[in-house]
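Here's the structure we're looking at; comments come further down.
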Amino acid sequence: RCPESVMVLNLEQNGGQGAARNVGMSYAGGEYIGFLDADDYVEPDMYETLYQATERYGVTMAGGGYFIDSGSQKKAVADSLPLDVPVLVDTPEKKRQLILSGTAVTFAGRIYRREFVMERGIFFLEGMLYEDNYWQSLVNTEIESYYISGRCFYHYVQSEESSTRHVTERNFLQSMQMQMMLLEEYAGRGLLDSMYTELTAKFLKSHTVMNLLGMYLAWREIPAPIYQKMREDLAA
């Protein structure tokens with residue numbers, strides 16, 4: 001519909017989804033940015049609806065729920081954040097709750113003010129899995145206001161070729177590495193000064209407990225190299 005507004009970028013090296021998104025953000029010239037994976041799709045009015053919400057309420061981020069599409073089945077997933085009301089993250093307690101509780105919705109079902117993202121230095125990890133979890137976690141540390149619609153807009157298509165559907169040792173090692181890097185970002189942003197106990201507990205749950213549980217459910221055993229790396233991370 002608007003070919004003059006479309007730019008196709010060819011990257012010389014494959015840095016994964018994180019690198020592609022970082023490059024896209026650096027070239028974006030609009031007031032808002034959003035993300036859409038090649039095998040997913042959105043409701044036709046998603047971006048218009050979210051844009052109108054950001055303009056009406058003056059919020060930094062707007063989004064909604066999403067659908068999990070897997071063949072003939074489709075499941076709606078609502079966000080865990082307050083719905084259909086603009087929210088100001090204007091107290092330490094509201095910020096603490098957002099950082100610790102996060103959100104149940106994919107980051108791609110939203111739009112963000114580009115200036116906010118770039119000024120706060122919120123970039124994706126490159127060449128790694130779980131770069132989206134890392135990125136949204138950083139957004140949660142800096143967000144000033146948001147609006148979440150009760151509607152579902154984004155269609156997350158689950159296919160056998162998805163990079164996160166086939167569980168290997170790489171999945172768990174990169175999940176652990178991402179959590180280590182996220183903890184370093186928390187420290188760099190000064191959050192450990194006021195939230196050391198809460199963020200350490202959050203890290204141990206995500207880095208250690210959930211990965212141990214995931215490996216046991218997948219294989220009924222914990223591979224020795226991963227267990228050793230986990231011990232090294234916790235000793236660091």
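How things are named: the first chain in the structure tokens is A, the next is B, and so on; residues count from 1 in each chain; ligands count from 1 in the order shown.
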Per residue of stretch 35-153 of chain A within 12 Å of stretch 206-222 of chain A, record the nearest atom pair and its distance in Å to one decimal, counting only C-alpha atoms, with rows in chain order and ascending residue number, as CSV.
residue,atom,partner,partner_atom,distance
A:Leu100,CA,A:Ser206,CA,11.4
A:Asn133,CA,A:Ser206,CA,11.1
A:Tyr134,CA,A:Ser206,CA,11.7
Would you mind exporting the chosen residues as a compact mmCIF listing (two decimals), in the first residue's frame, restricted to C-alpha atoms?
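Writing done, so here's result_26.txt:
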# COMPACT_ATOMS: atom_id res chain seq x y z
CA LEU A 100 9.59 -8.50 38.95
CA ASN A 133 12.95 -11.96 26.74
CA TYR A 134 16.10 -9.95 27.46
As a PDB file with C-alpha atoms, in the first residue's frame, please: every residue in stretch 124-170 of chain A that a backbone DSSP assignment puts in helix (DSSP H, G or I).
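This is the output file part_14.pdb:
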ATOM      1  CA  GLU A 131      16.898 -12.083  22.841  1.00  0.00           C
ATOM      2  CA  ASP A 132      13.252 -11.027  23.046  1.00  0.00           C
ATOM      3  CA  ASN A 133      12.953 -11.958  26.743  1.00  0.00           C
ATOM      4  CA  TYR A 134      16.096  -9.949  27.463  1.00  0.00           C
ATOM      5  CA  TRP A 135      14.864  -6.919  25.521  1.00  0.00           C
ATOM      6  CA  GLN A 136      11.414  -6.772  27.089  1.00  0.00           C
ATOM      7  CA  SER A 137      12.979  -7.168  30.541  1.00  0.00           C
ATOM      8  CA  LEU A 138      15.081  -4.072  29.871  1.00  0.00           C
ATOM      9  CA  VAL A 139      12.016  -2.175  28.639  1.00  0.00           C
ATOM     10  CA  ASN A 140      10.317  -3.029  31.935  1.00  0.00           C
ATOM     11  CA  THR A 141      13.159  -1.381  33.867  1.00  0.00           C
ATOM     12  CA  GLU A 142      12.778   1.927  32.039  1.00  0.00           C
ATOM     13  CA  GLU A 169      21.593 -28.198  25.149  1.00  0.00           C
ATOM     14  CA  ARG A 170      22.108 -24.903  23.295  1.00  0.00           C
TER      15      ARG A 170
END
Considering only strand (DSSP E or B) as DSSP defines it on the backbone, what residues of stretch 99-204 of chain A qualify? List them as a PDB file with all heavy atoms, in the first residue's frame.
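Below is the file states02.pdb, written as the result:
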ATOM      1  N   ARG A 110       3.211  -5.268  20.465  1.00  0.00           N
ATOM      2  CA  ARG A 110       3.201  -3.915  21.008  1.00  0.00           C
ATOM      3  C   ARG A 110       3.889  -2.945  20.067  1.00  0.00           C
ATOM      4  O   ARG A 110       4.585  -3.355  19.146  1.00  0.00           O
ATOM      5  CB  ARG A 110       3.933  -3.898  22.362  1.00  0.00           C
ATOM      6  CG  ARG A 110       3.303  -4.798  23.383  1.00  0.00           C
ATOM      7  CD  ARG A 110       4.150  -4.909  24.616  1.00  0.00           C
ATOM      8  NE  ARG A 110       3.407  -5.589  25.661  1.00  0.00           N
ATOM      9  CZ  ARG A 110       3.904  -5.882  26.846  1.00  0.00           C
ATOM     10  NH1 ARG A 110       5.145  -5.553  27.140  1.00  0.00           N
ATOM     11  NH2 ARG A 110       3.162  -6.499  27.750  1.00  0.00           N
ATOM     12  N   ILE A 111       3.707  -1.673  20.362  1.00  0.00           N
ATOM     13  CA  ILE A 111       4.515  -0.645  19.718  1.00  0.00           C
ATOM     14  C   ILE A 111       5.149   0.191  20.823  1.00  0.00           C
ATOM     15  O   ILE A 111       4.613   0.296  21.933  1.00  0.00           O
ATOM     16  CB  ILE A 111       3.713   0.241  18.753  1.00  0.00           C
ATOM     17  CG1 ILE A 111       2.608   1.022  19.489  1.00  0.00           C
ATOM     18  CG2 ILE A 111       3.141  -0.581  17.617  1.00  0.00           C
ATOM     19  CD1 ILE A 111       1.922   2.069  18.617  1.00  0.00           C
ATOM     20  N   TYR A 112       6.316   0.782  20.515  1.00  0.00           N
ATOM     21  CA  TYR A 112       7.105   1.523  21.495  1.00  0.00           C
ATOM     22  C   TYR A 112       7.544   2.846  20.872  1.00  0.00           C
ATOM     23  O   TYR A 112       7.831   2.907  19.671  1.00  0.00           O
ATOM     24  CB  TYR A 112       8.354   0.733  21.898  1.00  0.00           C
ATOM     25  CG  TYR A 112       8.085  -0.692  22.320  1.00  0.00           C
ATOM     26  CD1 TYR A 112       7.890  -1.694  21.373  1.00  0.00           C
ATOM     27  CD2 TYR A 112       8.036  -1.035  23.664  1.00  0.00           C
ATOM     28  CE1 TYR A 112       7.642  -3.003  21.766  1.00  0.00           C
ATOM     29  CE2 TYR A 112       7.799  -2.345  24.065  1.00  0.00           C
ATOM     30  CZ  TYR A 112       7.601  -3.322  23.110  1.00  0.00           C
ATOM     31  OH  TYR A 112       7.355  -4.620  23.501  1.00  0.00           O
ATOM     32  N   ARG A 113       7.621   3.871  21.682  1.00  0.00           N
ATOM     33  CA  ARG A 113       8.163   5.132  21.178  1.00  0.00           C
ATOM     34  C   ARG A 113       9.648   4.929  20.882  1.00  0.00           C
ATOM     35  O   ARG A 113      10.424   4.555  21.753  1.00  0.00           O
ATOM     36  CB  ARG A 113       7.974   6.256  22.205  1.00  0.00           C
ATOM     37  CG  ARG A 113       6.532   6.710  22.352  1.00  0.00           C
ATOM     38  CD  ARG A 113       6.418   7.989  23.153  1.00  0.00           C
ATOM     39  NE  ARG A 113       5.026   8.363  23.353  1.00  0.00           N
ATOM     40  CZ  ARG A 113       4.309   9.091  22.498  1.00  0.00           C
ATOM     41  NH1 ARG A 113       4.880   9.545  21.389  1.00  0.00           N
ATOM     42  NH2 ARG A 113       3.047   9.385  22.753  1.00  0.00           N
ATOM     43  N   SER A 145       5.227   4.719  31.081  1.00  0.00           N
ATOM     44  CA  SER A 145       3.776   4.614  31.000  1.00  0.00           C
ATOM     45  C   SER A 145       3.416   3.609  29.918  1.00  0.00           C
ATOM     46  O   SER A 145       4.194   3.374  28.995  1.00  0.00           O
ATOM     47  CB  SER A 145       3.145   5.978  30.685  1.00  0.00           C
ATOM     48  OG  SER A 145       3.682   6.503  29.467  1.00  0.00           O
ATOM     49  N   TYR A 146       2.230   3.022  30.036  1.00  0.00           N
ATOM     50  CA  TYR A 146       1.811   2.061  29.023  1.00  0.00           C
ATOM     51  C   TYR A 146       0.294   1.932  28.991  1.00  0.00           C
ATOM     52  O   TYR A 146      -0.409   2.327  29.927  1.00  0.00           O
ATOM     53  CB  TYR A 146       2.449   0.691  29.254  1.00  0.00           C
ATOM     54  CG  TYR A 146       2.076   0.021  30.565  1.00  0.00           C
ATOM     55  CD1 TYR A 146       0.912  -0.735  30.687  1.00  0.00           C
ATOM     56  CD2 TYR A 146       2.895   0.140  31.688  1.00  0.00           C
ATOM     57  CE1 TYR A 146       0.575  -1.352  31.878  1.00  0.00           C
ATOM     58  CE2 TYR A 146       2.558  -0.480  32.890  1.00  0.00           C
ATOM     59  CZ  TYR A 146       1.398  -1.226  32.968  1.00  0.00           C
ATOM     60  OH  TYR A 146       1.060  -1.827  34.155  1.00  0.00           O
ATOM     61  N   TYR A 147      -0.189   1.361  27.890  1.00  0.00           N
ATOM     62  CA  TYR A 147      -1.609   1.044  27.733  1.00  0.00           C
ATOM     63  C   TYR A 147      -1.693  -0.339  27.100  1.00  0.00           C
ATOM     64  O   TYR A 147      -1.098  -0.574  26.044  1.00  0.00           O
ATOM     65  CB  TYR A 147      -2.317   2.076  26.849  1.00  0.00           C
ATOM     66  CG  TYR A 147      -3.756   1.713  26.554  1.00  0.00           C
ATOM     67  CD1 TYR A 147      -4.778   2.099  27.420  1.00  0.00           C
ATOM     68  CD2 TYR A 147      -4.085   0.980  25.430  1.00  0.00           C
ATOM     69  CE1 TYR A 147      -6.105   1.757  27.162  1.00  0.00           C
ATOM     70  CE2 TYR A 147      -5.399   0.625  25.163  1.00  0.00           C
ATOM     71  CZ  TYR A 147      -6.404   1.014  26.029  1.00  0.00           C
ATOM     72  OH  TYR A 147      -7.703   0.664  25.771  1.00  0.00           O
ATOM     73  N   ILE A 148      -2.427  -1.241  27.737  1.00  0.00           N
ATOM     74  CA  ILE A 148      -2.593  -2.592  27.219  1.00  0.00           C
ATOM     75  C   ILE A 148      -4.068  -2.837  26.937  1.00  0.00           C
ATOM     76  O   ILE A 148      -4.903  -2.772  27.839  1.00  0.00           O
ATOM     77  CB  ILE A 148      -2.072  -3.655  28.209  1.00  0.00           C
ATOM     78  CG1 ILE A 148      -0.607  -3.407  28.549  1.00  0.00           C
ATOM     79  CG2 ILE A 148      -2.256  -5.055  27.627  1.00  0.00           C
ATOM     80  CD1 ILE A 148       0.342  -3.514  27.368  1.00  0.00           C
ATOM     81  N   SER A 149      -4.383  -3.131  25.695  1.00  0.00           N
ATOM     82  CA  SER A 149      -5.759  -3.416  25.291  1.00  0.00           C
ATOM     83  C   SER A 149      -6.156  -4.826  25.727  1.00  0.00           C
ATOM     84  O   SER A 149      -5.320  -5.727  25.812  1.00  0.00           O
ATOM     85  CB  SER A 149      -5.889  -3.281  23.774  1.00  0.00           C
ATOM     86  OG  SER A 149      -7.148  -3.768  23.333  1.00  0.00           O
ATOM     87  N   GLY A 150      -7.448  -5.003  25.978  1.00  0.00           N
ATOM     88  CA  GLY A 150      -7.955  -6.336  26.288  1.00  0.00           C
ATOM     89  C   GLY A 150      -8.110  -7.212  25.065  1.00  0.00           C
ATOM     90  O   GLY A 150      -8.372  -8.413  25.188  1.00  0.00           O
ATOM     91  N   ARG A 151      -7.903  -6.650  23.887  1.00  0.00           N
ATOM     92  CA  ARG A 151      -7.993  -7.427  22.644  1.00  0.00           C
ATOM     93  C   ARG A 151      -6.696  -8.174  22.373  1.00  0.00           C
ATOM     94  O   ARG A 151      -5.618  -7.774  22.824  1.00  0.00           O
ATOM     95  CB  ARG A 151      -8.273  -6.510  21.457  1.00  0.00           C
ATOM     96  CG  ARG A 151      -9.687  -6.006  21.337  1.00  0.00           C
ATOM     97  CD  ARG A 151      -9.833  -5.200  20.054  1.00  0.00           C
ATOM     98  NE  ARG A 151      -9.478  -5.989  18.875  1.00  0.00           N
ATOM     99  CZ  ARG A 151      -9.244  -5.462  17.659  1.00  0.00           C
ATOM    100  NH1 ARG A 151      -9.330  -4.154  17.487  1.00  0.00           N
ATOM    101  NH2 ARG A 151      -8.938  -6.237  16.646  1.00  0.00           N
ATOM    102  N   CYS A 152      -6.808  -9.250  21.603  1.00  0.00           N
ATOM    103  CA  CYS A 152      -5.630  -9.957  21.099  1.00  0.00           C
ATOM    104  C   CYS A 152      -5.391  -9.519  19.656  1.00  0.00           C
ATOM    105  O   CYS A 152      -6.324  -9.491  18.850  1.00  0.00           O
ATOM    106  CB  CYS A 152      -5.835 -11.475  21.164  1.00  0.00           C
ATOM    107  SG  CYS A 152      -5.932 -12.131  22.842  1.00  0.00           S
ATOM    108  N   PHE A 153      -4.143  -9.169  19.352  1.00  0.00           N
ATOM    109  CA  PHE A 153      -3.809  -8.666  18.014  1.00  0.00           C
ATOM    110  C   PHE A 153      -2.807  -9.541  17.271  1.00  0.00           C
ATOM    111  O   PHE A 153      -2.901  -9.720  16.064  1.00  0.00           O
ATOM    112  CB  PHE A 153      -3.208  -7.251  18.125  1.00  0.00           C
ATOM    113  CG  PHE A 153      -4.131  -6.206  18.637  1.00  0.00           C
ATOM    114  CD1 PHE A 153      -4.009  -5.720  19.924  1.00  0.00           C
ATOM    115  CD2 PHE A 153      -5.138  -5.686  17.828  1.00  0.00           C
ATOM    116  CE1 PHE A 153      -4.853  -4.734  20.412  1.00  0.00           C
ATOM    117  CE2 PHE A 153      -5.985  -4.701  18.291  1.00  0.00           C
ATOM    118  CZ  PHE A 153      -5.847  -4.222  19.588  1.00  0.00           C
ATOM    119  N   TYR A 154      -1.819 -10.042  17.984  1.00  0.00           N
ATOM    120  CA  TYR A 154      -0.671 -10.702  17.352  1.00  0.00           C
ATOM    121  C   TYR A 154      -0.923 -12.199  17.255  1.00  0.00           C
ATOM    122  O   TYR A 154      -1.403 -12.818  18.207  1.00  0.00           O
ATOM    123  CB  TYR A 154       0.585 -10.433  18.183  1.00  0.00           C
ATOM    124  CG  TYR A 154       1.891 -10.774  17.493  1.00  0.00           C
ATOM    125  CD1 TYR A 154       2.586  -9.818  16.772  1.00  0.00           C
ATOM    126  CD2 TYR A 154       2.429 -12.059  17.563  1.00  0.00           C
ATOM    127  CE1 TYR A 154       3.783 -10.112  16.143  1.00  0.00           C
ATOM    128  CE2 TYR A 154       3.616 -12.372  16.938  1.00  0.00           C
ATOM    129  CZ  TYR A 154       4.299 -11.400  16.229  1.00  0.00           C
ATOM    130  OH  TYR A 154       5.483 -11.709  15.609  1.00  0.00           O
ATOM    131  N   HIS A 155      -0.580 -12.786  16.109  1.00  0.00           N
ATOM    132  CA  HIS A 155      -0.718 -14.231  15.902  1.00  0.00           C
ATOM    133  C   HIS A 155       0.675 -14.859  15.882  1.00  0.00           C
ATOM    134  O   HIS A 155       1.445 -14.668  14.930  1.00  0.00           O
ATOM    135  CB  HIS A 155      -1.443 -14.524  14.586  1.00  0.00           C
ATOM    136  CG  HIS A 155      -2.889 -14.121  14.600  1.00  0.00           C
ATOM    137  ND1 HIS A 155      -3.915 -15.025  14.746  1.00  0.00           N
ATOM    138  CD2 HIS A 155      -3.478 -12.892  14.500  1.00  0.00           C
ATOM    139  CE1 HIS A 155      -5.079 -14.389  14.734  1.00  0.00           C
ATOM    140  NE2 HIS A 155      -4.835 -13.098  14.575  1.00  0.00           N
ATOM    141  N   TYR A 156       0.982 -15.568  16.959  1.00  0.00           N
ATOM    142  CA  TYR A 156       2.262 -16.266  17.072  1.00  0.00           C
ATOM    143  C   TYR A 156       2.078 -17.663  16.492  1.00  0.00           C
ATOM    144  O   TYR A 156       1.415 -18.519  17.079  1.00  0.00           O
ATOM    145  CB  TYR A 156       2.704 -16.322  18.527  1.00  0.00           C
ATOM    146  CG  TYR A 156       3.909 -17.175  18.788  1.00  0.00           C
ATOM    147  CD1 TYR A 156       5.100 -16.982  18.101  1.00  0.00           C
ATOM    148  CD2 TYR A 156       3.865 -18.189  19.739  1.00  0.00           C
ATOM    149  CE1 TYR A 156       6.204 -17.776  18.348  1.00  0.00           C
ATOM    150  CE2 TYR A 156       4.975 -18.993  19.995  1.00  0.00           C
ATOM    151  CZ  TYR A 156       6.129 -18.774  19.293  1.00  0.00           C
ATOM    152  OH  TYR A 156       7.225 -19.564  19.528  1.00  0.00           O
ATOM    153  N   VAL A 157       2.650 -17.899  15.326  1.00  0.00           N
ATOM    154  CA  VAL A 157       2.465 -19.158  14.616  1.00  0.00           C
ATOM    155  C   VAL A 157       3.527 -20.156  15.052  1.00  0.00           C
ATOM    156  O   VAL A 157       4.727 -19.924  14.850  1.00  0.00           O
ATOM    157  CB  VAL A 157       2.522 -18.946  13.087  1.00  0.00           C
ATOM    158  CG1 VAL A 157       2.337 -20.278  12.360  1.00  0.00           C
ATOM    159  CG2 VAL A 157       1.442 -17.955  12.653  1.00  0.00           C
TER     160      VAL A 157
END
Stretch 148-206 of chain A near stretch 92-98 of chain A within 12 Å: what's each residue's closest atom pair and its distance in Å to one decimal, counting only C-alpha atoms, ordered by chain then ascending residue number, as CSV?
residue,atom,partner,partner_atom,distance
A:Leu191,CA,A:Arg96,CA,9.5
A:Leu192,CA,A:Arg96,CA,11.4
A:Ser194,CA,A:Arg96,CA,9.5
A:Met195,CA,A:Arg96,CA,7.9
A:Tyr196,CA,A:Arg96,CA,11.4
A:Thr197,CA,A:Arg96,CA,11.9
A:Glu198,CA,A:Arg96,CA,9.0
A:Leu199,CA,A:Arg96,CA,9.7
A:Lys202,CA,A:Arg96,CA,12.0
Can I get the selected residues back with C-alpha atoms, as a PDB file, in the first residue's frame?
ATOM      1  CA  LEU A 191      18.776  -1.636  40.207  1.00  0.00           C
ATOM      2  CA  LEU A 192      20.704  -3.991  42.480  1.00  0.00           C
ATOM      3  CA  SER A 194      17.552  -1.075  45.848  1.00  0.00           C
ATOM      4  CA  MET A 195      16.319  -4.503  44.688  1.00  0.00           C
ATOM      5  CA  TYR A 196      19.205  -6.866  45.381  1.00  0.00           C
ATOM      6  CA  THR A 197      17.191  -9.558  47.184  1.00  0.00           C
ATOM      7  CA  GLU A 198      14.265  -9.531  44.750  1.00  0.00           C
ATOM      8  CA  LEU A 199      16.398  -9.510  41.604  1.00  0.00           C
ATOM      9  CA  LYS A 202      14.299 -13.664  40.164  1.00  0.00           C
TER      10      LYS A 202
END
Handout entry: Among the residues A:Gly190, A:Gly24, A:Gly102, A:Pro225, the one that comes closest to A:Leu36 [using only C-alpha atoms]
Key =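 Among the listed residues, A:Gly24 lies closest to A:Leu36.
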Problem - Straight-line distance linking atom CA of A:Gln177 with atom CA of A:Met230, stated in Å to one decimal - result: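 Interatomic distance, atom CA of A:Gln177 to atom CA of A:Met230: 9.5 Å.
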Completion exercise
Separating atom CA of A:Tyr27 from atom CA of A:Leu9, to the nearest tenth of an Å, is a gap of 9.3 Å
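In terms of minimum interatomic distance to A:Glu55, A:Tyr32 ranks closest within A:Gln158, A:Val42, A:Met178, A:Tyr32, counting only C-alpha atoms.
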